[in-house]
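Have a look at query.csv; it's CSV, C-alpha atoms and all ligand atoms:
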```csv
chain,number,residue,atom,x,y,z
A,1,MET,CA,-27.6,-14.2,3.7
A,2,ASN,CA,-24.6,-16.1,2.3
A,3,ILE,CA,-21.0,-14.9,2.8
A,4,GLU,CA,-20.8,-13.6,-0.8
A,5,GLN,CA,-23.8,-11.3,-0.2
A,6,ILE,CA,-22.5,-10.2,3.2
A,7,LEU,CA,-19.1,-9.3,1.7
A,8,CYS,CA,-20.7,-7.4,-1.2
A,9,ASP,CA,-23.0,-5.4,0.9
A,10,ARG,CA,-20.2,-4.4,3.2
A,11,PHE,CA,-17.9,-3.6,0.4
A,12,GLN,CA,-20.5,-1.3,-1.3
A,13,ARG,CA,-21.2,0.4,2.1
A,14,TYR,CA,-17.5,1.1,2.7
A,15,VAL,CA,-16.5,2.3,-0.8
A,16,ALA,CA,-19.5,4.8,-0.7
A,17,ILE,CA,-17.5,6.7,2.0
A,18,SER,CA,-14.9,8.9,0.2
A,19,SER,CA,-11.6,8.4,2.0
A,20,GLN,CA,-8.8,9.5,-0.4
A,21,SER,CA,-5.7,10.4,1.5
A,22,ASP,CA,-4.1,13.8,0.9
A,23,ALA,CA,-0.3,13.8,0.5
A,24,ASN,CA,-0.2,17.6,1.0
A,25,ASN,CA,-1.8,17.4,4.5
A,26,GLN,CA,0.7,16.4,7.2
A,27,GLU,CA,-2.0,15.6,9.8
A,28,LEU,CA,-3.0,12.0,10.6
A,29,PRO,CA,-5.4,11.2,9.2
A,30,SER,CA,-4.8,13.4,6.2
A,31,SER,CA,-8.5,13.5,5.3
A,32,SER,CA,-11.7,13.4,7.3
A,33,GLY,CA,-13.4,10.7,5.3
A,34,GLN,CA,-10.9,8.2,6.8
A,35,TYR,CA,-12.0,9.1,10.3
A,36,GLN,CA,-15.7,8.8,9.2
A,37,LEU,CA,-15.0,5.3,7.8
A,38,ALA,CA,-13.2,4.3,11.0
A,39,GLN,CA,-16.1,5.6,13.1
A,40,LEU,CA,-18.5,3.5,11.0
A,41,LEU,CA,-16.4,0.4,11.5
A,42,HIS,CA,-16.2,1.2,15.2
A,43,ASP,CA,-20.0,1.5,15.5
A,44,GLU,CA,-20.5,-1.7,13.5
A,45,LEU,CA,-18.2,-3.7,15.7
A,46,LYS,CA,-19.9,-2.4,18.9
A,47,ASN,CA,-23.2,-3.3,17.5
A,48,LEU,CA,-21.9,-6.8,16.8
A,49,GLY,CA,-21.2,-7.0,20.6
A,50,TYR,CA,-17.4,-6.4,20.7
A,51,ASN,CA,-16.5,-4.1,23.6
A,52,ASN,CA,-12.7,-3.8,23.3
A,53,ILE,CA,-12.6,-1.3,20.4
A,54,THR,CA,-10.4,1.8,20.4
A,55,LEU,CA,-10.7,4.5,17.8
A,56,HIS,CA,-7.7,6.9,18.3
A,57,PRO,CA,-8.0,10.6,17.2
A,58,ASN,CA,-5.4,9.8,14.4
A,59,SER,CA,-8.0,7.4,13.0
A,60,ILE,CA,-6.2,4.2,13.9
A,61,LEU,CA,-8.9,1.8,14.9
A,62,ILE,CA,-8.0,-1.3,16.9
A,63,ALA,CA,-10.4,-4.1,17.7
A,64,HIS,CA,-9.7,-6.9,20.1
A,65,LEU,CA,-11.8,-10.0,19.5
A,66,PRO,CA,-11.3,-12.0,22.7
A,67,GLY,CA,-10.4,-15.6,22.1
A,68,ASN,CA,-12.3,-18.6,23.5
A,69,LYS,CA,-10.0,-21.3,22.3
A,70,PRO,CA,-7.1,-22.3,24.6
A,71,ASN,CA,-3.5,-22.3,23.4
A,72,ALA,CA,-4.4,-20.6,20.1
A,73,LYS,CA,-2.0,-18.2,18.5
A,74,THR,CA,-2.8,-14.5,18.8
A,75,LEU,CA,-3.5,-13.2,15.2
A,76,GLY,CA,-3.4,-9.7,13.9
A,77,PHE,CA,-4.9,-8.5,10.6
A,78,ILE,CA,-4.3,-5.0,9.1
A,79,ALA,CA,-6.1,-3.1,6.3
A,80,HIS,CA,-5.9,0.5,5.3
A,81,LEU,CA,-8.7,3.1,5.4
A,82,ASP,CA,-7.6,5.4,2.6
A,83,THR,CA,-8.0,5.2,-1.2
A,84,VAL,CA,-5.3,6.6,-3.4
A,85,ASP,CA,-5.4,10.1,-5.0
A,86,VAL,CA,-4.2,9.7,-8.6
A,87,GLY,CA,-6.2,12.6,-9.9
A,88,LEU,CA,-9.5,10.7,-10.4
A,89,SER,CA,-12.8,11.5,-8.7
A,90,PRO,CA,-12.6,11.1,-4.9
A,91,ASN,CA,-16.2,9.7,-5.0
A,92,ILE,CA,-16.7,6.1,-5.8
A,93,THR,CA,-19.8,4.7,-7.5
A,94,SER,CA,-19.4,0.9,-7.6
A,95,GLN,CA,-21.3,-1.4,-9.9
A,96,LEU,CA,-21.6,-5.2,-10.2
A,97,LEU,CA,-21.4,-6.4,-13.8
A,98,THR,CA,-21.1,-9.9,-15.3
A,99,TYR,CA,-18.3,-10.4,-17.7
A,100,ASN,CA,-19.1,-12.5,-20.7
A,101,GLY,CA,-16.1,-11.9,-22.9
A,102,LYS,CA,-17.4,-8.8,-24.7
A,103,PRO,CA,-16.2,-5.2,-23.9
A,104,LEU,CA,-18.0,-3.9,-20.8
A,105,CYS,CA,-19.5,-0.4,-20.7
A,106,LEU,CA,-18.5,1.2,-17.4
A,107,ASN,CA,-19.9,4.6,-18.2
A,108,ALA,CA,-22.4,5.2,-21.0
A,109,ASP,CA,-22.4,9.0,-20.7
A,110,GLN,CA,-18.6,9.2,-21.0
A,111,GLN,CA,-18.3,6.2,-23.3
A,112,ILE,CA,-15.8,4.4,-20.9
A,113,TYR,CA,-15.3,0.7,-21.7
A,114,ILE,CA,-13.1,-2.1,-20.4
A,115,SER,CA,-12.1,-5.0,-22.7
A,116,GLU,CA,-9.6,-7.8,-22.9
A,117,GLN,CA,-7.8,-5.9,-25.6
A,118,THR,CA,-6.7,-3.2,-23.2
A,119,HIS,CA,-6.9,-5.3,-20.0
A,120,PRO,CA,-5.9,-8.9,-20.9
A,121,GLU,CA,-6.2,-10.0,-17.2
A,122,LEU,CA,-10.0,-9.9,-17.7
A,123,ALA,CA,-9.7,-13.2,-19.6
A,124,LYS,CA,-9.4,-15.1,-16.4
A,125,TYR,CA,-12.8,-14.0,-15.2
A,126,HIS,CA,-15.3,-15.1,-17.9
A,127,HIS,CA,-18.8,-15.5,-16.5
A,128,GLN,CA,-17.9,-14.0,-13.2
A,129,ASP,CA,-19.6,-11.1,-11.4
A,130,ILE,CA,-17.1,-8.3,-11.0
A,131,PHE,CA,-17.2,-5.0,-9.1
A,132,PHE,CA,-16.1,-2.0,-11.2
A,133,SER,CA,-16.2,1.7,-10.6
A,134,ASP,CA,-18.1,3.9,-13.0
A,135,GLY,CA,-14.9,4.6,-14.8
A,136,THR,CA,-14.3,8.0,-13.2
A,137,SER,CA,-12.6,6.9,-10.0
A,138,VAL,CA,-10.7,3.9,-8.6
A,139,LEU,CA,-12.9,1.2,-7.3
A,140,GLY,CA,-11.3,1.3,-3.8
A,141,ALA,CA,-11.0,-2.5,-3.5
A,142,ASP,CA,-7.6,-1.3,-2.5
A,143,ASP,CA,-8.2,-1.7,0.4
A,144,LYS,CA,-11.9,-1.7,1.2
A,145,ALA,CA,-12.2,-5.3,0.0
A,146,ALA,CA,-9.8,-6.2,2.9
A,147,ILE,CA,-11.9,-4.1,5.3
A,148,ALA,CA,-15.0,-6.0,4.2
A,149,VAL,CA,-13.2,-9.3,4.6
A,150,LEU,CA,-12.2,-8.4,8.2
A,151,MET,CA,-15.5,-7.0,9.2
A,152,THR,CA,-17.3,-10.1,7.8
A,153,LEU,CA,-14.9,-12.2,9.7
A,154,ALA,CA,-15.6,-10.4,13.0
A,155,GLU,CA,-19.4,-10.8,12.3
A,156,GLN,CA,-19.2,-14.5,11.4
A,157,LEU,CA,-17.0,-15.4,14.4
A,158,ILE,CA,-19.5,-13.9,16.9
A,159,THR,CA,-22.8,-14.9,15.1
A,160,THR,CA,-21.8,-18.5,14.5
A,161,LYS,CA,-20.0,-18.8,17.8
A,162,THR,CA,-16.8,-20.1,16.1
A,163,PRO,CA,-14.0,-21.0,18.5
A,164,HIS,CA,-11.0,-18.9,17.9
A,165,GLY,CA,-7.9,-17.5,19.6
A,166,ASP,CA,-7.3,-13.8,20.4
A,167,ILE,CA,-7.6,-11.7,17.3
A,168,TYR,CA,-6.6,-8.1,16.8
A,169,LEU,CA,-7.9,-6.1,13.8
A,170,ALA,CA,-6.2,-2.8,12.9
A,171,PHE,CA,-7.6,-0.3,10.4
A,172,VAL,CA,-5.0,2.3,9.7
A,173,PRO,CA,-5.1,5.6,7.7
A,174,ASP,CA,-2.8,7.0,5.0
A,175,GLU,CA,-1.1,3.9,3.7
A,176,GLU,CA,-1.0,5.4,0.2
A,177,ILE,CA,1.0,8.4,1.2
A,178,GLY,CA,3.9,6.7,3.0
A,179,LEU,CA,2.4,4.1,5.3
A,180,ARG,CA,1.8,6.8,7.8
A,181,GLY,CA,-0.9,5.0,9.8
A,182,ALA,CA,1.1,1.8,10.1
A,183,LYS,CA,4.1,3.8,11.2
A,184,ALA,CA,2.0,5.4,14.0
A,185,LEU,CA,0.6,2.1,15.1
A,186,ASP,CA,1.9,1.3,18.6
A,187,LEU,CA,2.6,-2.4,18.9
A,188,LYS,CA,1.8,-2.2,22.6
A,189,ASP,CA,-1.9,-1.8,21.5
A,190,PHE,CA,-1.4,-4.6,19.0
A,191,PRO,CA,0.2,-7.5,20.9
A,192,VAL,CA,0.0,-10.2,18.2
A,193,GLU,CA,2.1,-13.3,17.4
A,194,HIS,CA,1.3,-13.7,13.7
A,195,CYS,CA,0.4,-10.7,11.6
A,196,TYR,CA,-1.0,-10.3,8.1
A,197,THR,CA,-1.9,-7.4,5.9
A,198,ILE,CA,-4.6,-8.0,3.3
A,199,ASP,CA,-4.0,-5.6,0.4
A,200,CYS,CA,-3.9,-5.5,-3.4
A,201,CYS,CA,-3.1,-8.4,-5.6
A,202,GLU,CA,-5.0,-11.1,-7.5
A,203,ARG,CA,-6.3,-14.4,-6.2
A,204,GLY,CA,-3.5,-16.5,-4.6
A,205,GLU,CA,-0.9,-13.8,-4.3
A,206,VAL,CA,1.4,-13.8,-1.3
A,207,ILE,CA,4.0,-11.1,-0.6
A,208,TYR,CA,6.7,-11.4,2.0
A,209,GLU,CA,9.3,-9.3,0.2
A,210,THR,CA,9.0,-5.6,-0.6
A,211,PHE,CA,11.4,-2.9,-1.6
A,212,ASN,CA,13.7,-1.1,0.8
A,213,ALA,CA,12.6,2.4,0.2
A,214,GLY,CA,14.1,5.8,0.8
A,215,SER,CA,14.3,9.3,-0.6
A,216,ALA,CA,17.0,11.8,-1.3
A,217,GLN,CA,16.6,15.5,-1.4
A,218,LEU,CA,19.5,17.4,-3.1
A,219,SER,CA,19.6,21.1,-2.4
A,220,ILE,CA,21.9,23.5,-4.2
A,221,THR,CA,22.5,27.2,-3.7
A,222,GLY,CA,24.5,28.8,-6.5
A,223,ILE,CA,25.7,32.4,-7.0
A,224,THR,CA,23.5,34.9,-9.0
A,225,ALA,CA,24.9,37.6,-11.3
A,226,HIS,CA,23.8,39.7,-14.2
A,227,PRO,CA,24.8,37.9,-17.4
A,228,MET,CA,26.8,41.0,-18.5
A,229,SER,CA,29.2,40.5,-15.6
A,230,ALA,CA,28.7,36.8,-15.0
A,231,LYS,CA,32.0,35.5,-16.3
A,232,ASN,CA,33.8,33.5,-13.6
A,233,VAL,CA,31.2,34.7,-11.1
A,234,LEU,CA,27.8,33.2,-11.8
A,235,VAL,CA,27.3,29.6,-10.5
A,236,ASN,CA,24.1,28.2,-12.0
A,237,PRO,CA,22.4,25.8,-9.6
A,238,ASN,CA,20.2,24.4,-12.4
A,239,LEU,CA,23.2,23.1,-14.3
A,240,ILE,CA,24.6,21.4,-11.1
A,241,ALA,CA,21.2,19.7,-10.7
A,242,ALA,CA,21.4,18.5,-14.3
A,243,ASP,CA,24.9,17.3,-13.6
A,244,PHE,CA,23.6,15.3,-10.7
A,245,ILE,CA,20.7,13.8,-12.6
A,246,SER,CA,23.0,12.8,-15.5
A,247,MET,CA,25.1,10.7,-13.1
A,248,LEU,CA,22.1,8.6,-12.1
A,249,ASN,CA,21.5,7.6,-15.7
A,250,ASP,CA,23.0,4.1,-15.7
A,251,MET,CA,21.8,3.1,-12.2
A,252,GLY,CA,18.3,1.8,-13.1
A,253,LYS,CA,15.1,3.7,-13.6
A,254,PRO,CA,11.5,2.5,-13.0
A,255,GLU,CA,10.8,2.4,-16.7
A,256,GLN,CA,13.9,0.2,-17.3
A,257,THR,CA,13.7,-2.2,-14.4
A,258,ALA,CA,11.5,-5.2,-13.3
A,259,GLU,CA,11.3,-8.0,-10.9
A,260,ARG,CA,14.1,-7.7,-8.3
A,261,GLU,CA,16.1,-4.8,-9.9
A,262,GLY,CA,16.4,-1.6,-7.9
A,263,TYR,CA,16.3,2.0,-9.2
A,264,PHE,CA,16.7,5.7,-8.7
A,265,TRP,CA,13.6,7.6,-9.7
A,266,VAL,CA,13.9,11.4,-10.1
A,267,THR,CA,10.5,12.6,-9.0
A,268,ASP,CA,10.9,16.4,-8.7
A,269,ILE,CA,13.1,19.1,-10.0
A,270,ASN,CA,12.8,22.7,-8.9
A,271,GLY,CA,15.2,25.6,-9.8
A,272,ASN,CA,15.7,29.3,-10.2
A,273,GLN,CA,18.7,31.5,-10.6
A,274,ASN,CA,19.7,31.1,-7.0
A,275,THR,CA,18.7,27.7,-5.8
A,276,ALA,CA,17.7,24.3,-7.2
A,277,SER,CA,16.5,21.0,-5.7
A,278,VAL,CA,16.1,17.5,-6.9
A,279,SER,CA,14.1,14.7,-5.3
A,280,VAL,CA,15.0,11.1,-5.9
A,281,ALA,CA,13.2,7.9,-4.8
A,282,ILE,CA,15.6,5.1,-3.9
A,283,ARG,CA,14.4,1.5,-4.2
A,284,ASP,CA,16.1,-1.9,-3.9
A,285,PHE,CA,15.2,-5.3,-2.5
A,286,ASP,CA,18.6,-6.2,-1.3
A,287,GLN,CA,19.7,-4.2,1.9
A,288,GLU,CA,23.3,-4.1,0.8
A,289,HIS,CA,22.4,-2.8,-2.7
A,290,TYR,CA,20.1,-0.3,-1.0
A,291,ASN,CA,22.8,0.9,1.3
A,292,ALA,CA,25.2,1.1,-1.7
A,293,ARG,CA,22.7,3.3,-3.5
A,294,LYS,CA,22.6,5.7,-0.6
A,295,SER,CA,26.4,5.9,-0.4
A,296,TYR,CA,26.6,6.5,-4.1
A,297,LEU,CA,24.4,9.6,-3.7
A,298,THR,CA,26.6,10.8,-0.8
A,299,THR,CA,29.8,10.3,-2.9
A,300,LEU,CA,28.1,12.0,-5.8
A,301,THR,CA,27.4,15.0,-3.6
A,302,ALA,CA,31.0,15.2,-2.4
A,303,PHE,CA,32.1,15.0,-6.1
A,304,LEU,CA,29.8,17.8,-7.1
A,305,ARG,CA,31.1,20.0,-4.2
A,306,HIS,CA,34.6,19.4,-5.4
A,307,LYS,CA,33.6,20.2,-9.0
A,308,HIS,CA,31.6,23.3,-8.0
A,309,PRO,CA,33.4,24.7,-5.0
A,310,LYS,CA,31.5,28.0,-4.9
A,311,ALA,CA,28.1,26.4,-4.7
A,312,ASP,CA,26.5,25.1,-1.5
A,313,ILE,CA,25.4,21.6,-2.1
A,314,ASN,CA,23.7,19.3,0.5
A,315,ILE,CA,21.9,16.0,0.4
A,316,THR,CA,19.4,14.6,2.9
A,317,LEU,CA,18.7,10.9,2.8
A,318,THR,CA,15.6,9.4,4.5
A,319,ASP,CA,14.6,5.8,5.0
A,320,ILE,CA,10.9,5.2,4.3
A,321,TYR,CA,10.4,1.5,4.8
A,322,ASN,CA,12.2,-1.9,4.8
A,323,ASN,CA,11.9,-5.1,2.9
A,324,ILE,CA,9.4,-7.1,5.0
A,325,SER,CA,11.5,-10.3,4.7
A,326,GLN,CA,14.2,-8.7,6.8
A,327,ALA,CA,12.0,-9.0,9.9
A,328,MET,CA,11.2,-12.7,9.2
A,329,GLY,CA,14.3,-14.0,10.9
A,330,SER,CA,14.3,-17.7,11.5
A,331,ASP,CA,10.7,-17.8,12.7
A,332,THR,CA,8.8,-18.4,9.4
A,333,GLU,CA,5.7,-19.9,11.0
A,334,ALA,CA,3.4,-17.0,10.1
A,335,LEU,CA,4.4,-17.5,6.4
A,336,THR,CA,4.2,-21.3,6.6
A,337,ARG,CA,0.7,-21.0,8.0
A,338,LEU,CA,-0.3,-18.7,5.2
A,339,TYR,CA,0.8,-21.1,2.5
A,340,GLN,CA,-1.0,-23.9,4.4
A,341,ALA,CA,-4.2,-21.8,4.5
A,342,LEU,CA,-4.0,-21.4,0.7
A,343,GLU,CA,-3.5,-25.1,0.3
A,344,ASN,CA,-6.4,-25.9,2.6
A,345,THR,CA,-8.7,-23.7,0.5
A,346,ASN,CA,-7.4,-25.0,-2.8
A,347,ILE,CA,-6.0,-21.7,-4.0
A,348,PRO,CA,-2.7,-22.0,-5.9
A,349,ALA,CA,-0.1,-19.7,-4.2
A,350,LYS,CA,1.6,-17.0,-6.3
A,351,THR,CA,4.5,-15.5,-4.5
A,352,ILE,CA,5.7,-12.1,-5.7
A,353,ALA,CA,8.4,-9.7,-4.6
A,354,MET,CA,6.4,-6.5,-4.6
A,355,ARG,CA,7.9,-3.5,-6.3
A,356,GLY,CA,6.4,-1.3,-3.6
A,357,GLY,CA,5.6,-1.4,0.1
A,358,THR,CA,2.7,-2.5,2.2
A,359,ASP,CA,1.8,-1.5,5.8
A,360,GLY,CA,3.7,-4.7,6.6
A,361,SER,CA,6.9,-2.9,5.5
A,362,ALA,CA,6.4,-0.3,8.2
A,363,LEU,CA,5.6,-2.9,10.8
A,364,SER,CA,8.7,-5.0,9.9
A,365,VAL,CA,10.8,-2.0,10.7
A,366,LYS,CA,9.4,-2.3,14.3
A,367,GLY,CA,10.3,-6.0,14.2
A,368,LEU,CA,6.9,-7.5,13.5
A,369,PHE,CA,7.1,-9.7,10.4
A,370,THR,CA,3.9,-9.1,8.4
A,371,PRO,CA,3.3,-10.9,5.1
A,372,ASN,CA,0.5,-10.0,2.8
A,373,PHE,CA,-2.2,-11.9,1.0
A,374,PHE,CA,-4.5,-10.9,-1.8
A,375,THR,CA,-7.9,-9.1,-1.8
A,376,GLY,CA,-8.5,-10.6,-5.3
A,377,ALA,CA,-8.6,-7.2,-7.1
A,378,HIS,CA,-6.7,-6.0,-10.2
A,379,ASN,CA,-5.5,-2.7,-11.6
A,380,PHE,CA,-5.0,-0.7,-8.4
A,381,HIS,CA,-4.7,3.1,-8.6
A,382,SER,CA,-6.6,3.0,-11.9
A,383,ALA,CA,-10.1,3.8,-13.1
A,384,PHE,CA,-10.1,0.2,-14.4
A,385,GLU,CA,-9.6,-1.4,-10.9
A,386,PHE,CA,-11.9,-4.4,-10.6
A,387,LEU,CA,-12.8,-7.1,-8.1
A,388,PRO,CA,-14.1,-10.4,-9.2
A,389,ILE,CA,-16.5,-11.8,-6.6
A,390,PRO,CA,-15.1,-15.4,-6.4
A,391,SER,CA,-11.6,-14.0,-5.7
A,392,PHE,CA,-13.0,-11.7,-3.1
A,393,VAL,CA,-14.8,-14.6,-1.4
A,394,ASP,CA,-11.5,-16.6,-1.5
A,395,SER,CA,-9.7,-13.7,0.3
A,396,TYR,CA,-12.3,-14.1,3.1
A,397,ARG,CA,-11.8,-17.9,3.0
A,398,VAL,CA,-8.1,-17.6,3.6
A,399,ALA,CA,-8.6,-15.2,6.5
A,400,LYS,CA,-11.1,-17.5,8.1
A,401,THR,CA,-8.8,-20.5,7.5
A,402,LEU,CA,-5.9,-18.7,9.2
A,403,VAL,CA,-8.2,-18.2,12.2
A,404,ASP,CA,-9.3,-21.8,12.2
A,405,MET,CA,-5.7,-22.9,12.1
A,406,ALA,CA,-4.5,-20.6,14.9
A,501,ZN,ZN,-3.5,-0.9,-0.7
```
Rewrite the coordinates I just gave you, this time as structure tokens.
Ligand SMILES: [Zn+2]
Amino acid sequence: MNIEQILCDRFQRYVAISSQSDANNQELPSSSGQYQLAQLLHDELKNLGYNNITLHPNSILIAHLPGNKPNAKTLGFIAHLDTVDVGLSPNITSQLLTYNGKPLCLNADQQIYISEQTHPELAKYHHQDIFFSDGTSVLGADDKAAIAVLMTLAEQLITTKTPHGDIYLAFVPDEEIGLRGAKALDLKDFPVEHCYTIDCCERGEVIYETFNAGSAQLSITGITAHPMSAKNVLVNPNLIAADFISMLNDMGKPEQTAEREGYFWVTDINGNQNTASVSVAIRDFDQEHYNARKSYLTTLTAFLRHKHPKADINITLTDIYNNISQAMGSDTEALTRLYQALENTNIPAKTIAMRGGTDGSALSVKGLFTPNFFTGAHNFHSAFEFLPIPSFVDSYRVAKTLVDMA
């Protein structure tokens, strides 16, 4: 079987296991499908002849592929087990279609089509075989394409007796709901020199900058009163919440910002006659700007307390993840080697500052600089997510080249 066939077979096997994460479940993993997938990967690695495989109850799976090449760097690769819940079907039915420039029918029963008109990025993939879902779910190339790449790598290294250094693979749960698995990963179990995530992005994409991300939770307790006797008594927490939100207006919103601009995103408002709360996501690439955003919110809270002295107003600020590049320091070798691997495989590099986070953002907080490279897929978190096979194969080629170069 050629590499393309092996990758495709594995991909189809992995997406067939439903593993949506569940933001409302605080357990790790947040869903049993993720453990089921980790168990399958564990068994497949054992069957390949690897013995040093640990599947933790929290669904973190770590595989050590012992090296047989002296003086090679110890490499780590990470992929996530969960698919995102955006209100689509949790069950994924993948299909392989050839794109020939005409609108493609993803689902005849429900009349779901994809075309260049709505998805111009398809234009790059004429005459290619492409994985799609049936239009009712995500495809799950995010991140099962990466899982297929890493499992194929493990298989090829052992079956072709390729010389390589020590390699650690980590498959982690719950990336989509706050990088929970990567946060729980103990680096003692993952003693690597150069580390990479494989996640998202079209062919050639490299990410070594992500947002600094945090959240703010404003809680307000007012004073209730019957409207007939409310004058100078009633303190309406909903109006204080509105006051707070209005003061975020000129500070950047997701719908008004792009590239390296940061923002405040008001994600939730709750209120009644007695209490109100507002949740805000805080994002900025630059650490100083990020810190300034947090102090702005603190200052705003102090101002609101002054303006509404009878209300009880509190804010809680939580850091979620860091910009990966902050962990890079002066040792840029992991990144240099990644660009070299792209060059060696004739894939033009496209570096983007990602307006989000990857598992690497959580690892960089622990001091492990972890850049990301592409799976080859497009339209994550959408029913129109797709994975062109040549790009998928190229993702594998980059991983393999990094191993050869180590
Ligand atoms: Zn992902």
request  = List the neighbours of Ile240 (chain A) out to 8 Å using all atoms listed in the file; skip same-chain residues closer than 6 positions along the sequence, and give me the result as a ChimeraX atom specification.
outcome  = /A:220,304,308
request  = Write out as a PyMOL selection string the residues lying within 9 Å of Ile114 (chain A), counting all atoms listed in the file and excluding same-chain residues fewer than 3 positions away.
outcome  = chain A and resi 103-106+117-119+122+135+384
task = Could you report the residues within 6 Å of ligand ZN 501 (chain A), using all atoms listed in the file, as an MDAnalysis selection string?
result = chainID A and resid 142:143 199:200
task = Select, from A:Phe373, A:Tyr321, A:Tyr290, A:Phe380, the residue with the minimum atom-to-atom distance to Arg203 (chain A), counting all atoms listed in the file.
result =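 Checking each of A:Phe373, A:Tyr321, A:Tyr290, A:Phe380 against Arg203 (chain A), counting all atoms listed in the file, the winner is A:Phe373.
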Listed atoms of region 36-49 of chain A boxed along x, y and z, 4 Å each side, centre and edge lengths in Å, one decimal, as JSON:
```
{"center_x": -18.2, "center_y": 0.9, "center_z": 14.2, "size_x": 18.0, "size_y": 23.8, "size_z": 20.8}
```
ask   = Which is closer to Pro254 (chain A) than all the others in A:Ala141, A:Ile198, A:Ala213, A:Arg355, using all atoms listed in the file?
value =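 Ranked by minimum distance to Pro254 (chain A), first place goes to A:Arg355.
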Taking 6 positions as the minimum chain separation for residues in the same chain, which residues sit within 12 Å of Ser18 (chain A) when counting all atoms listed in the file? Answer as a tab-separated table (two decimals) with C-alpha atoms, in the coordinates of the input.
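The resulting file, result31.tsv, is shown below:
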```tsv
chain	number	residue	atom	x	y	z
A	12	GLN	CA	-20.50	-1.30	-1.30
A	31	SER	CA	-8.50	13.50	5.30
A	32	SER	CA	-11.70	13.40	7.30
A	33	GLY	CA	-13.40	10.70	5.30
A	34	GLN	CA	-10.90	8.20	6.80
A	35	TYR	CA	-12.00	9.10	10.30
A	36	GLN	CA	-15.70	8.80	9.20
A	37	LEU	CA	-15.00	5.30	7.80
A	38	ALA	CA	-13.20	4.30	11.00
A	81	LEU	CA	-8.70	3.10	5.40
A	82	ASP	CA	-7.60	5.40	2.60
A	83	THR	CA	-8.00	5.20	-1.20
A	84	VAL	CA	-5.30	6.60	-3.40
A	85	ASP	CA	-5.40	10.10	-5.00
A	89	SER	CA	-12.80	11.50	-8.70
A	90	PRO	CA	-12.60	11.10	-4.90
A	91	ASN	CA	-16.20	9.70	-5.00
A	92	ILE	CA	-16.70	6.10	-5.80
A	93	THR	CA	-19.80	4.70	-7.50
A	137	SER	CA	-12.60	6.90	-10.00
A	138	VAL	CA	-10.70	3.90	-8.60
A	139	LEU	CA	-12.90	1.20	-7.30
A	140	GLY	CA	-11.30	1.30	-3.80
A	144	LYS	CA	-11.90	-1.70	1.20
```
request  = Compile the contact shell of Glu44 (chain A) as a PyMOL selection string: residues with an atom at most 12 Å away, counting all atoms listed in the file, same-chain residues fewer than 6 positions apart removed.
outcome  = chain A and resi 10+13-14+37-38+50-51+53+63+148+150-152+154-155
